[in-house]
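Asker: Have a look at this one.
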Amino acid sequence: MTTHFFADTGVLLGRSMRHITRSVDTIITTTIMPIMFLLLFVYVFGGAIQTGSDSYVNYLLPGILIMTVASGISYTAYRLFLDMQGGIFERFQSMPIARSSVLWAHVLTSLVANLCSVVVVVLVALLMGFRSSAGLASWLAVAGIVILFTLALTWLAVIPGLTAKTIDGASAFAYPLVFLPFISSAFVPTDGMPGPVRAFAEHQPVTSIVNAIRDLFAQQPVGTGIWVALAWCVGILIVTYAFAMAAYRRKIT
Amino acid sequence: MSQTIRVRGLEKSYKELKVLRGVDFEVARGSIFALLGSNGAGKTTVVRILSTLLKADAGTGVVNGFDVAAQPAKVRESISLTGQFAAVDEILTGRENLVMVARLRHLKDAGKIADDLLERFSLTDAGARRVATYSGGMRRRLDIAMSLIGNPPVIFLDEPTTGLDPQARLEVWASVRELASQGTTVLLTTQYLDEAEQLADRIAILHEGKIIVNGTLTELKQLLPPAKVEYIEKQPTLEDVFLTLVGADSKDPR
């Protein structure tokens, strides 16, 4: 059974990738909100924000990338939910295939779709004047963090995708995630925030991830911050994966 | 072994609700067996247990010589399930759906298998269209075609004609008959009495979680007092009228 895991996942990945390529609008709608925030903050609010860096778009982009992924994963929950509702999920489960392939295909599709969205947002930022002197190694490190973060949130999205009762329930979980960057260092430095808010902002994952990406782009020494960011990503990934697989096992037995 | 499906003392409860209270039946190789019952009688629960999607609380199910609880992977290699809702991918084309299933069954030449099935189920012209544009009958035909890939010896059809118009129903019946004629064992659930009457070699009535009768149509008819002879004028049924008006060619989809 597991000998076919890669072949089966490949076939199912091909299937859900067709869903993406036949509704490219999902990638566009995923990127619209982050791009709107990018425009709004760079051209409207940005002038009034003191970040200590010379270019606000350079400061803002890492947080916008986090927001892009957070809004993109709700489509994963949505697609999984639709599969559960229709008979196709049961058809796959009653076939002699590696059973976890069904989930992995959705997870890998989410990864590809979100990376496409992230690339679109980066291109828009470049048009708006984003510049980085980062070399290939730094760009790869940024890509690595974004991929880990996407995987962590995708496994989180799998949980409502499997367990939600309604289509709204399947995608609503993403809203708090989309706004998490606001209470972090993504838009403004945390120094100016009042005590409790600042304490929350400085100890939530988005801040460490955003700071690590920002330092990589700016060619600053990342110090221990990048390890905190990676620990958050891996930690969230392990927890969400465990819960998602538990929800999946409950569904298929 | 001539019995392809053997079910003994199957029980299943959802919380307080006892859905199955000891179901027993057997299905002979190459026959069509109809599980007849009203909505909520537990037909789908039986099919879900036999297709390894659900675990029974008690009792055993053996499909093609494999125990559904102990050897689910072997069972899945022996069966195909066509559920109550057409299990097709609407965004893919009909042909892509067939190719996908052929690949998942690790068959060579998935493209040729798909083309042959499209031909056999009169879907060749629609093969390149997305399934979202298909009619209910076409979806069901595609659904059944997907179930045939890899020639599984046992096919479960859970209410295959629910929600279909009369023409589509006849098309599905023709497909099921063709299956059985090629030696496939078919377990069919239905709430339509005429469907069981038309298709099945044996009929079992599932009522309140138990099989209350099980036999051939002739045997079931003998349960009641001999038929009375009455002389009545043979009126055309509404179905006859409908089918005559919309065209006789639809009686035979091939």
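Scheme for the structure tokens: letters A, B, ... for chains in order shown; per-chain residue numbers from 1; ligand numbers from 1 in order shown.
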Can you pull out every residue from stretch 82-125 of chain A that DSSP, working from the backbone, puts in helix (DSSP H, G or I), and format the result as a ChimeraX atom specification?
Answerer: /A:82-85,88-93,101-125
Asker: For a quick test of understanding: name the residues of chain A lying within 8 Å of chain B when counting only C-alpha atoms, and present them as a list in words.
Answerer: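 Using only C-alpha atoms, chain A residues at most 8 Å from chain B: Met1, Ala7, Asp8, Val11, Leu12, Arg15, Arg18, His19, Arg22, Gly86, Gly87, Ile88, Phe89, Glu90, Arg91, Gln93, Ser94, Met95, Pro96, Ile97, Ile252 and Thr253 of chain A.
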Asker: Taking 3 positions as the minimum chain separation for residues in the same chain, which residues sit within 7 Å of stretch 107-121 of chain A when counting only C-alpha atoms? Answer as a ChimeraX atom specification.
Answerer: /A:13,16-17,27,30-31,35,65,68-69,72-73,76,103-104,124-125,150-151,154
Asker: Can you write just those residues out, C-alpha atoms, as a compact mmCIF listing (two decimals), in the first residue's frame?
Answerer:
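Below you can see out.txt, which holds the result:
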# COMPACT_ATOMS: atom_id res chain seq x y z
CA LEU A 13 -1.62 16.34 -6.76
CA SER A 16 -5.93 19.35 -7.33
CA MET A 17 -3.40 21.38 -9.31
CA ILE A 27 -4.70 32.92 -6.64
CA THR A 30 -5.68 35.49 -2.37
CA THR A 31 -3.25 38.21 -3.39
CA ILE A 35 -1.64 43.93 -2.17
CA LEU A 65 4.03 37.83 2.84
CA THR A 68 -0.66 36.37 1.93
CA VAL A 69 -0.08 32.85 3.22
CA GLY A 72 -4.30 31.67 0.98
CA ILE A 73 -4.66 28.63 3.21
CA THR A 76 -7.13 24.60 1.19
CA LEU A 103 -4.35 14.72 2.42
CA TRP A 104 -0.81 15.13 1.17
CA VAL A 124 4.16 43.98 -6.95
CA ALA A 125 6.46 45.08 -4.12
CA THR A 150 2.94 27.69 4.76
CA LEU A 151 3.15 24.00 5.68
CA THR A 154 -1.79 24.41 5.78
Asker: Given only C-alpha atoms as the basis, pick out the residue of B:Asn214, B:Gly150, B:Leu164, B:Asp116 nearest to B:Ser135.
Answerer: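 Between B:Asn214, B:Gly150, B:Leu164, B:Asp116, the residue approaching B:Ser135 most closely is B:Leu164.
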Asker: Nearest to A:Ala152 among A:Tyr59, A:Phe217, A:Phe5, A:Tyr241, with distances taken over only C-alpha atoms: which residue is it?
Answerer: A:Tyr241
Asker: Please determine, counting only C-alpha atoms, which residue among A:Gly135, A:Gly235, A:Pro34, A:Gly46 has the shortest atom-to-atom distance to A:Phe179.
Answerer: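 Looking only at the distances to A:Phe179, the closest residue turns out to be A:Pro34.
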Asker: Check the smallest atom-to-atom distance from each of A:Thr240, A:Met36, A:Leu80, A:Val24 to A:Ala105 using only C-alpha atoms, then report the winner.
Answerer: A:Leu80
Asker: Which residues come within 10 Å of stretch 219-225 of chain B, counting only C-alpha atoms, excluding same-chain residues fewer than 5 positions away, as a list in words?
Answerer: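 Non-adjacent residues within range: Arg202, Ile203, Ala204, Ile205, Val213 and Asn214 of chain B.
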Asker: One number please: atom CA of A:His106 to atom CA of A:Phe6, in Å, one decimal.
Answerer: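 We find that atom CA of A:His106 and atom CA of A:Phe6 lie 13.7 Å from each other.
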Asker: If we count only C-alpha atoms and set the cut-off at 8 Å, which residues sit around B:Thr184, ignoring sequence neighbours fewer than 3 positions away in its own chain? Please answer as a list in words.
Answerer: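 Surrounding residues, per the criterion: Arg29, Gly30, Ser31, Pro152, Pro153, Val154, Ile155, Leu179, Ala180 and Ser181 of chain B.
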Asker: Can you tell me how far atom CA of B:Glu11 sits from atom CA of B:Gly61, in Å to one decimal?
Answerer: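 Distance between the two atoms: 10.7 Å.
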